[in-house]
file structure-v3.pdb (PDB, C-alpha atoms, pLDDT in the B column)
ATOM      1  CA  MET T   1       4.282  14.739 -12.170  1.00 95.00           C
ATOM      2  CA  GLN T   2       3.291  17.421 -14.611  1.00 98.00           C
ATOM      3  CA  PHE T   3       3.632  17.007 -18.358  1.00 98.00           C
ATOM      4  CA  SER T   4       3.556  19.457 -21.236  1.00 98.00           C
ATOM      5  CA  ASP T   5       0.493  19.272 -23.511  1.00 98.00           C
ATOM      6  CA  THR T   6       2.439  17.043 -25.904  1.00 98.00           C
ATOM      7  CA  THR T   7       5.161  14.550 -25.003  1.00 98.00           C
ATOM      8  CA  GLU T   8       6.074  12.863 -28.279  1.00 98.00           C
ATOM      9  CA  GLU T   9       9.500  14.511 -28.665  1.00 98.00           C
ATOM     10  CA  ILE T  10      10.518  14.282 -25.021  1.00 98.00           C
ATOM     11  CA  ALA T  11       9.469  10.612 -24.940  1.00 98.00           C
ATOM     12  CA  LYS T  12      11.670   9.848 -27.964  1.00 98.00           C
ATOM     13  CA  ALA T  13      14.562  11.741 -26.408  1.00 98.00           C
ATOM     14  CA  LEU T  14      14.183   9.922 -23.080  1.00 98.00           C
ATOM     15  CA  SER T  15      14.187   6.609 -24.922  1.00 97.00           C
ATOM     16  CA  ILE T  16      17.502   7.549 -26.569  1.00 97.00           C
ATOM     17  CA  PHE T  17      18.834   8.729 -23.211  1.00 97.00           C
ATOM     18  CA  ARG T  18      17.864   5.453 -21.495  1.00 95.00           C
ATOM     19  CA  GLY T  19      19.664   3.485 -24.188  1.00 95.00           C
ATOM     20  CA  THR T  20      22.801   5.574 -23.710  1.00 95.00           C
ATOM     21  CA  VAL T  21      23.074   6.173 -19.964  1.00 93.00           C
ATOM     22  CA  LYS T  22      25.669   4.182 -18.056  1.00 90.00           C
ATOM     23  CA  GLN T  23      24.905   3.633 -14.404  1.00 85.00           C
ATOM     24  CA  PRO T  24      27.602   5.301 -12.288  1.00 79.00           C
ATOM     25  CA  ALA T  25      29.877   3.380  -9.934  1.00 68.00           C
ATOM     26  CA  LYS T  26      28.838   3.337  -6.321  1.00 72.00           C
ATOM     27  CA  SER T  27      32.142   4.585  -4.956  1.00 65.00           C
ATOM     28  CA  ALA T  28      31.216   6.570  -1.829  1.00 64.00           C
ATOM     29  CA  ASP T  29      30.871   4.882   1.565  1.00 60.00           C
ATOM     30  CA  ASN T  30      27.896   5.253   3.890  1.00 64.00           C
ATOM     31  CA  PRO T  31      29.320   4.241   7.293  1.00 60.00           C
ATOM     32  CA  PHE T  32      25.892   4.353   8.973  1.00 61.00           C
ATOM     33  CA  PHE T  33      24.406   1.635   6.738  1.00 58.00           C
ATOM     34  CA  LYS T  34      27.784   0.068   5.807  1.00 63.00           C
ATOM     35  CA  SER T  35      26.957   0.419   2.127  1.00 64.00           C
ATOM     36  CA  LYS T  36      28.114   2.230  -0.990  1.00 64.00           C
ATOM     37  CA  TYR T  37      26.326   4.936  -2.969  1.00 68.00           C
ATOM     38  CA  VAL T  38      26.859   7.398  -5.811  1.00 77.00           C
ATOM     39  CA  GLN T  39      27.593  10.986  -4.838  1.00 84.00           C
ATOM     40  CA  LEU T  40      25.656  13.834  -6.486  1.00 90.00           C
ATOM     41  CA  GLU T  41      28.616  14.544  -8.779  1.00 91.00           C
ATOM     42  CA  GLY T  42      28.472  10.965 -10.090  1.00 90.00           C
ATOM     43  CA  VAL T  43      24.741  11.184 -10.780  1.00 92.00           C
ATOM     44  CA  VAL T  44      25.184  14.504 -12.609  1.00 94.00           C
ATOM     45  CA  ALA T  45      28.134  13.152 -14.641  1.00 93.00           C
ATOM     46  CA  ALA T  46      26.210  10.016 -15.704  1.00 94.00           C
ATOM     47  CA  ILE T  47      23.239  12.118 -16.807  1.00 96.00           C
ATOM     48  CA  ASP T  48      25.292  14.808 -18.528  1.00 96.00           C
ATOM     49  CA  ASP T  49      27.365  12.195 -20.393  1.00 96.00           C
ATOM     50  CA  ALA T  50      24.208  10.545 -21.764  1.00 96.00           C
ATOM     51  CA  LEU T  51      22.318  13.714 -22.734  1.00 97.00           C
ATOM     52  CA  GLY T  52      24.467  14.132 -25.846  1.00 93.00           C
ATOM     53  CA  LYS T  53      22.308  15.025 -28.841  1.00 92.00           C
ATOM     54  CA  THR T  54      18.985  14.108 -27.190  1.00 97.00           C
ATOM     55  CA  GLY T  55      17.850  17.725 -26.912  1.00 98.00           C
ATOM     56  CA  LEU T  56      17.229  17.134 -23.199  1.00 98.00           C
ATOM     57  CA  SER T  57      18.321  19.281 -20.303  1.00 98.00           C
ATOM     58  CA  TYR T  58      17.200  19.642 -16.716  1.00 98.00           C
ATOM     59  CA  THR T  59      16.946  22.128 -13.930  1.00 98.00           C
ATOM     60  CA  GLN T  60      16.303  21.837 -10.213  1.00 98.00           C
ATOM     61  CA  GLU T  61      14.538  24.250  -7.891  1.00 98.00           C
ATOM     62  CA  VAL T  62      15.434  24.142  -4.204  1.00 97.00           C
ATOM     63  CA  THR T  63      13.063  25.514  -1.585  1.00 96.00           C
ATOM     64  CA  SER T  64      12.935  25.299   2.178  1.00 93.00           C
ATOM     65  CA  GLU T  65      10.189  25.680   4.677  1.00 90.00           C
ATOM     66  CA  GLY T  66      10.440  25.014   8.384  1.00 90.00           C
ATOM     67  CA  ASP T  67      12.530  21.903   8.939  1.00 93.00           C
ATOM     68  CA  GLN T  68      12.447  20.668   5.328  1.00 95.00           C
ATOM     69  CA  VAL T  69      14.336  21.186   2.104  1.00 96.00           C
ATOM     70  CA  ALA T  70      12.455  20.339  -1.098  1.00 97.00           C
ATOM     71  CA  VAL T  71      13.822  19.840  -4.603  1.00 98.00           C
ATOM     72  CA  THR T  72      11.748  19.906  -7.785  1.00 98.00           C
ATOM     73  CA  THR T  73      13.412  18.498 -10.905  1.00 98.00           C
ATOM     74  CA  ALA T  74      12.230  19.463 -14.386  1.00 98.00           C
ATOM     75  CA  ILE T  75      13.301  17.607 -17.515  1.00 98.00           C
ATOM     76  CA  LEU T  76      13.192  19.935 -20.517  1.00 98.00           C
ATOM     77  CA  HIS T  77      13.327  19.211 -24.248  1.00 98.00           C
ATOM     78  CA  GLU T  78      14.423  21.589 -27.003  1.00 98.00           C
ATOM     79  CA  SER T  79      10.930  21.256 -28.519  1.00 98.00           C
ATOM     80  CA  GLY T  80       9.474  22.996 -25.464  1.00 98.00           C
ATOM     81  CA  GLU T  81       8.041  19.802 -23.994  1.00 98.00           C
ATOM     82  CA  TYR T  82       8.734  19.125 -20.333  1.00 98.00           C
ATOM     83  CA  ILE T  83       8.194  16.823 -17.373  1.00 98.00           C
ATOM     84  CA  ILE T  84       8.175  18.294 -13.876  1.00 98.00           C
ATOM     85  CA  MET T  85       8.671  15.866 -11.035  1.00 98.00           C
ATOM     86  CA  ALA T  86       6.794  16.317  -7.763  1.00 97.00           C
ATOM     87  CA  PRO T  87       8.946  17.962  -5.089  1.00 97.00           C
ATOM     88  CA  LEU T  88      11.077  15.648  -2.979  1.00 97.00           C
ATOM     89  CA  ALA T  89      11.079  16.956   0.600  1.00 96.00           C
ATOM     90  CA  VAL T  90      13.821  15.946   3.025  1.00 94.00           C
ATOM     91  CA  PRO T  91      13.748  16.680   6.753  1.00 94.00           C
ATOM     92  CA  VAL T  92      16.561  18.772   8.229  1.00 94.00           C
ATOM     93  CA  THR T  93      17.780  17.495  11.586  1.00 87.00           C
ATOM     94  CA  LYS T  94      19.534  20.664  12.795  1.00 89.00           C
ATOM     95  CA  LYS T  95      18.876  24.317  12.054  1.00 85.00           C
ATOM     96  CA  ASP T  96      22.263  25.279  10.683  1.00 88.00           C
ATOM     97  CA  ALA T  97      23.715  25.907   7.225  1.00 91.00           C
ATOM     98  CA  GLN T  98      25.544  22.576   7.083  1.00 91.00           C
ATOM     99  CA  ALA T  99      22.390  20.567   7.802  1.00 91.00           C
ATOM    100  CA  PHE T 100      20.373  22.465   5.186  1.00 93.00           C
ATOM    101  CA  GLY T 101      23.203  22.058   2.657  1.00 92.00           C
ATOM    102  CA  SER T 102      23.424  18.339   3.356  1.00 91.00           C
ATOM    103  CA  ALA T 103      19.657  17.919   2.976  1.00 93.00           C
ATOM    104  CA  GLU T 104      19.738  19.873  -0.293  1.00 95.00           C
ATOM    105  CA  THR T 105      22.498  17.676  -1.740  1.00 92.00           C
ATOM    106  CA  TYR T 106      20.644  14.534  -0.661  1.00 91.00           C
ATOM    107  CA  ALA T 107      17.356  15.719  -2.165  1.00 95.00           C
ATOM    108  CA  ARG T 108      19.017  16.846  -5.417  1.00 95.00           C
ATOM    109  CA  ARG T 109      20.733  13.454  -5.802  1.00 92.00           C
ATOM    110  CA  TYR T 110      17.598  11.426  -5.183  1.00 93.00           C
ATOM    111  CA  SER T 111      15.343  13.660  -7.273  1.00 96.00           C
ATOM    112  CA  LEU T 112      17.730  13.549 -10.256  1.00 95.00           C
ATOM    113  CA  SER T 113      18.212   9.809  -9.836  1.00 93.00           C
ATOM    114  CA  ALA T 114      14.459   9.213  -9.865  1.00 94.00           C
ATOM    115  CA  ALA T 115      13.826  11.536 -12.809  1.00 97.00           C
ATOM    116  CA  PHE T 116      16.455   9.891 -15.023  1.00 96.00           C
ATOM    117  CA  GLY T 117      16.430   6.305 -13.751  1.00 93.00           C
ATOM    118  CA  ILE T 118      19.846   6.378 -12.109  1.00 91.00           C
ATOM    119  CA  THR T 119      20.509   3.710  -9.491  1.00 83.00           C
ATOM    120  CA  SER T 120      22.500   5.594  -6.882  1.00 62.00           C
ATOM    121  CA  ASP T 121      22.291   3.226  -3.909  1.00 54.00           C
ATOM    122  CA  ILE T 122      22.777  -0.453  -3.240  1.00 52.00           C
ATOM    123  CA  ASP T 123      19.395  -2.213  -3.389  1.00 46.00           C
ATOM    124  CA  ASP T 124      18.663  -3.528   0.096  1.00 46.00           C
ATOM    125  CA  ASP T 125      15.345  -5.093  -0.958  1.00 36.00           C
ATOM    126  CA  GLY T 126      13.415  -2.622   1.221  1.00 45.00           C
ATOM    127  CA  ASN T 127      15.061  -3.687   4.473  1.00 47.00           C
ATOM    128  CA  ALA T 128      15.927  -0.176   5.655  1.00 53.00           C
ATOM    129  CA  ALA T 129      12.453   1.156   4.792  1.00 49.00           C
ATOM    130  CA  SER T 130      10.766  -1.677   6.695  1.00 48.00           C
ATOM    131  CA  GLN T 131      12.557  -0.978   9.977  1.00 56.00           C
ATOM    132  CA  LYS T 132      10.629   0.616  12.833  1.00 56.00           C
ATOM    133  CA  SER T 133      11.036   4.367  13.239  1.00 52.00           C
ATOM    134  CA  PRO T 134      12.903   5.479  16.347  1.00 53.00           C
ATOM    135  CA  GLN T 135      10.579   6.693  19.063  1.00 51.00           C
TER     136      GLN T 135
END
call {"tool": "encode", "arguments": {"input": "structure-v3.pdb", "output": "C-alpha cells"}}
result
Amino acid sequence: MQFSDTTEEIAKALSIFRGTVKQPAKSADNPFFKSKYVQLEGVVAAIDDALGKTGLSYTQEVTSEGDQVAVTTAILHESGEYIIMAPLAVPVTKKDAQAFGSAETYARRYSLSAAFGITSDIDDDGNAASQKSPQ
C-alpha cells in the first residue's frame, strides 16, 4: 500500500465510513463452490451508500499483461490524502474478451472489497485455499 504524506483526515473519514457501511447481502450463487457471494454491483452500492459526507471517493485502474488482469484501487479524500492498494492480479484462463472481462470484474470486486472491508463471500475458514492445486 502507498499512503499520502499525511493520513489524519482520511483515517477519520474511514472511521466514519466503517461505522456507517452495511455489509451487502450475498445474493448471487456460485455453482462451482455451491456458495453465495456479492456481485460487483452490490459491493459498489454498499460502498457508495456509506460514503455520504465522509469526503471519500475511490477509483480503480485496470491493466492487463499476458494472461493476467490487474486492478489497483485508490481511496481518495477531499483533503488530498490517499491510500493506494497494491494491484490485485487475476489469471485469465482463455484469451478472449469474455474471459478478460470476467477477470476484470472479479478483480475489481475483490480489490474494492479489500480496500473498504466489505465481506463479499461466505467465509469457508480457508478450506478452498488449502486444497491442492490441480496438476
call {"tool": "atom_distance", "arguments": {"input": "structure-v3.pdb", "atom1": "atom CA of Thr93 of chain T", "atom2": "atom CA of Ala115 of chain T"}}
result
25.4 Å
call {"tool": "resolve_selection", "arguments": {"input": "structure-v3.pdb", "expression": "the PyMOL selection byres ((chain T and resi 108) around 10)", "output": "list in words"}}
result
Leu40, Val43, Val44, Gln60, Glu61, Val62, Val69, Ala70, Val71, Thr72, Thr73, Leu88, Ala89, Val90, Ser102, Ala103, Glu104, Thr105, Tyr106, Ala107, Arg109, Tyr110, Ser111, Leu112, Ser113 and Ala114 of chain T
call {"tool": "write_last_selection", "arguments": {"input": "structure-v3.pdb", "atoms": "C-alpha atoms", "output": "tab-separated table (two decimals), in the frame of the given file"}}
result
chain	number	residue	atom	x	y	z
T	40	LEU	CA	25.66	13.83	-6.49
T	43	VAL	CA	24.74	11.18	-10.78
T	44	VAL	CA	25.18	14.50	-12.61
T	60	GLN	CA	16.30	21.84	-10.21
T	61	GLU	CA	14.54	24.25	-7.89
T	62	VAL	CA	15.43	24.14	-4.20
T	69	VAL	CA	14.34	21.19	2.10
T	70	ALA	CA	12.46	20.34	-1.10
T	71	VAL	CA	13.82	19.84	-4.60
T	72	THR	CA	11.75	19.91	-7.78
T	73	THR	CA	13.41	18.50	-10.90
T	88	LEU	CA	11.08	15.65	-2.98
T	89	ALA	CA	11.08	16.96	0.60
T	90	VAL	CA	13.82	15.95	3.02
T	102	SER	CA	23.42	18.34	3.36
T	103	ALA	CA	19.66	17.92	2.98
T	104	GLU	CA	19.74	19.87	-0.29
T	105	THR	CA	22.50	17.68	-1.74
T	106	TYR	CA	20.64	14.53	-0.66
T	107	ALA	CA	17.36	15.72	-2.16
T	109	ARG	CA	20.73	13.45	-5.80
T	110	TYR	CA	17.60	11.43	-5.18
T	111	SER	CA	15.34	13.66	-7.27
T	112	LEU	CA	17.73	13.55	-10.26
T	113	SER	CA	18.21	9.81	-9.84
T	114	ALA	CA	14.46	9.21	-9.86
call {"tool": "atom_distance", "arguments": {"input": "structure-v3.pdb", "atom1": "atom CA of Gly101 of chain T", "atom2": "atom CA of Gln39 of chain T"}}
result
14.1 Å
call {"tool": "atom_distance", "arguments": {"input": "structure-v3.pdb", "atom1": "atom CA of Val38 of chain T", "atom2": "atom CA of Ala86 of chain T"}}
result
22.0 Å
call {"tool": "closest_residue", "arguments": {"input": "structure-v3.pdb", "among": "T:Arg18, T:Glu8, T:Tyr58, T:Ile118", "to": "Glu81 of chain T", "atoms": "all atoms listed in the file"}}
result
T:Glu8
call {"tool": "closest_residue", "arguments": {"input": "structure-v3.pdb", "among": "T:Thr59, T:Ile16, T:Ile10, T:Thr54", "to": "Met85 of chain T", "atoms": "all atoms listed in the file"}}
result
T:Thr59
call {"tool": "resolve_selection", "arguments": {"input": "structure-v3.pdb", "expression": "the PyMOL selection byres ((chain T and resi 91) around 6)", "output": "list in words"}}
result
Asp67, Gln68, Val90 and Val92 of chain T
call {"tool": "closest_residue", "arguments": {"input": "structure-v3.pdb", "among": "T:Gln98, T:Ser15, T:Ser4, T:Thr20", "to": "Ser79 of chain T", "atoms": "all atoms listed in the file"}}
result
T:Ser4
call {"tool": "closest_residue", "arguments": {"input": "structure-v3.pdb", "among": "T:Ala13, T:Leu51, T:Val21, T:Ala74", "to": "Pro87 of chain T", "atoms": "only C-alpha atoms"}}
result
T:Ala74
call {"tool": "resolve_selection", "arguments": {"input": "structure-v3.pdb", "expression": "the PyMOL selection byres ((chain T and resi 83) around 6)", "output": "list in words"}}
result
Gln2, Phe3, Ala74, Ile75, Tyr82 and Ile84 of chain T
call {"tool": "closest_residue", "arguments": {"input": "structure-v3.pdb", "among": "T:Met1, T:Phe100, T:Ala50, T:Gly66", "to": "Lys22 of chain T", "atoms": "all atoms listed in the file"}}
result
T:Ala50
call {"tool": "closest_residue", "arguments": {"input": "structure-v3.pdb", "among": "T:Glu78, T:Glu41, T:Glu65, T:Asp48", "to": "Glu9 of chain T", "atoms": "all atoms listed in the file"}}
result
T:Glu78
call {"tool": "build_atoms", "arguments": {"input": "structure-v3.pdb", "residues": "segment 100-118 of chain T", "atoms": "N, CA and C atoms", "output": "PDB file, keeping the file's coordinate frame"}}
result
ATOM      1  N   PHE T 100      21.199  22.127   6.346  1.00 93.00           N
ATOM      2  CA  PHE T 100      20.373  22.465   5.186  1.00 93.00           C
ATOM      3  C   PHE T 100      21.111  22.128   3.881  1.00 93.00           C
ATOM      4  N   GLY T 101      22.415  22.393   3.839  1.00 92.00           N
ATOM      5  CA  GLY T 101      23.203  22.058   2.657  1.00 92.00           C
ATOM      6  C   GLY T 101      23.252  20.561   2.415  1.00 92.00           C
ATOM      7  N   SER T 102      23.397  19.798   3.465  1.00 91.00           N
ATOM      8  CA  SER T 102      23.424  18.339   3.356  1.00 91.00           C
ATOM      9  C   SER T 102      22.079  17.811   2.860  1.00 91.00           C
ATOM     10  N   ALA T 103      20.998  18.346   3.403  1.00 93.00           N
ATOM     11  CA  ALA T 103      19.657  17.919   2.976  1.00 93.00           C
ATOM     12  C   ALA T 103      19.410  18.295   1.515  1.00 93.00           C
ATOM     13  N   GLU T 104      19.902  19.460   1.099  1.00 95.00           N
ATOM     14  CA  GLU T 104      19.738  19.873  -0.293  1.00 95.00           C
ATOM     15  C   GLU T 104      20.472  18.912  -1.231  1.00 95.00           C
ATOM     16  N   THR T 105      21.718  18.593  -0.908  1.00 92.00           N
ATOM     17  CA  THR T 105      22.498  17.676  -1.740  1.00 92.00           C
ATOM     18  C   THR T 105      21.812  16.321  -1.831  1.00 92.00           C
ATOM     19  N   TYR T 106      21.344  15.829  -0.712  1.00 91.00           N
ATOM     20  CA  TYR T 106      20.644  14.534  -0.661  1.00 91.00           C
ATOM     21  C   TYR T 106      19.391  14.566  -1.540  1.00 91.00           C
ATOM     22  N   ALA T 107      18.594  15.608  -1.389  1.00 95.00           N
ATOM     23  CA  ALA T 107      17.356  15.719  -2.165  1.00 95.00           C
ATOM     24  C   ALA T 107      17.646  15.888  -3.658  1.00 95.00           C
ATOM     25  N   ARG T 108      18.654  16.676  -4.007  1.00 95.00           N
ATOM     26  CA  ARG T 108      19.017  16.846  -5.417  1.00 95.00           C
ATOM     27  C   ARG T 108      19.438  15.516  -6.025  1.00 95.00           C
ATOM     28  N   ARG T 109      20.252  14.749  -5.298  1.00 92.00           N
ATOM     29  CA  ARG T 109      20.733  13.454  -5.802  1.00 92.00           C
ATOM     30  C   ARG T 109      19.582  12.488  -6.025  1.00 92.00           C
ATOM     31  N   TYR T 110      18.711  12.371  -5.049  1.00 93.00           N
ATOM     32  CA  TYR T 110      17.598  11.426  -5.183  1.00 93.00           C
ATOM     33  C   TYR T 110      16.565  11.872  -6.209  1.00 93.00           C
ATOM     34  N   SER T 111      16.302  13.162  -6.292  1.00 96.00           N
ATOM     35  CA  SER T 111      15.343  13.660  -7.273  1.00 96.00           C
ATOM     36  C   SER T 111      15.859  13.449  -8.691  1.00 96.00           C
ATOM     37  N   LEU T 112      17.127  13.772  -8.934  1.00 95.00           N
ATOM     38  CA  LEU T 112      17.730  13.549 -10.256  1.00 95.00           C
ATOM     39  C   LEU T 112      17.766  12.060 -10.595  1.00 95.00           C
ATOM     40  N   SER T 113      18.151  11.259  -9.617  1.00 93.00           N
ATOM     41  CA  SER T 113      18.212   9.809  -9.836  1.00 93.00           C
ATOM     42  C   SER T 113      16.846   9.255 -10.229  1.00 93.00           C
ATOM     43  N   ALA T 114      15.808   9.686  -9.551  1.00 94.00           N
ATOM     44  CA  ALA T 114      14.459   9.213  -9.865  1.00 94.00           C
ATOM     45  C   ALA T 114      14.004   9.700 -11.234  1.00 94.00           C
ATOM     46  N   ALA T 115      14.278  10.963 -11.539  1.00 97.00           N
ATOM     47  CA  ALA T 115      13.826  11.536 -12.809  1.00 97.00           C
ATOM     48  C   ALA T 115      14.459  10.837 -14.010  1.00 97.00           C
ATOM     49  N   PHE T 116      15.734  10.446 -13.884  1.00 96.00           N
ATOM     50  CA  PHE T 116      16.455   9.891 -15.023  1.00 96.00           C
ATOM     51  C   PHE T 116      16.736   8.396 -14.914  1.00 96.00           C
ATOM     52  N   GLY T 117      16.242   7.754 -13.869  1.00 93.00           N
ATOM     53  CA  GLY T 117      16.430   6.305 -13.751  1.00 93.00           C
ATOM     54  C   GLY T 117      17.841   5.900 -13.383  1.00 93.00           C
ATOM     55  N   ILE T 118      18.497   6.695 -12.557  1.00 91.00           N
ATOM     56  CA  ILE T 118      19.846   6.378 -12.109  1.00 91.00           C
ATOM     57  C   ILE T 118      19.756   5.590 -10.808  1.00 91.00           C
TER      58      ILE T 118
END
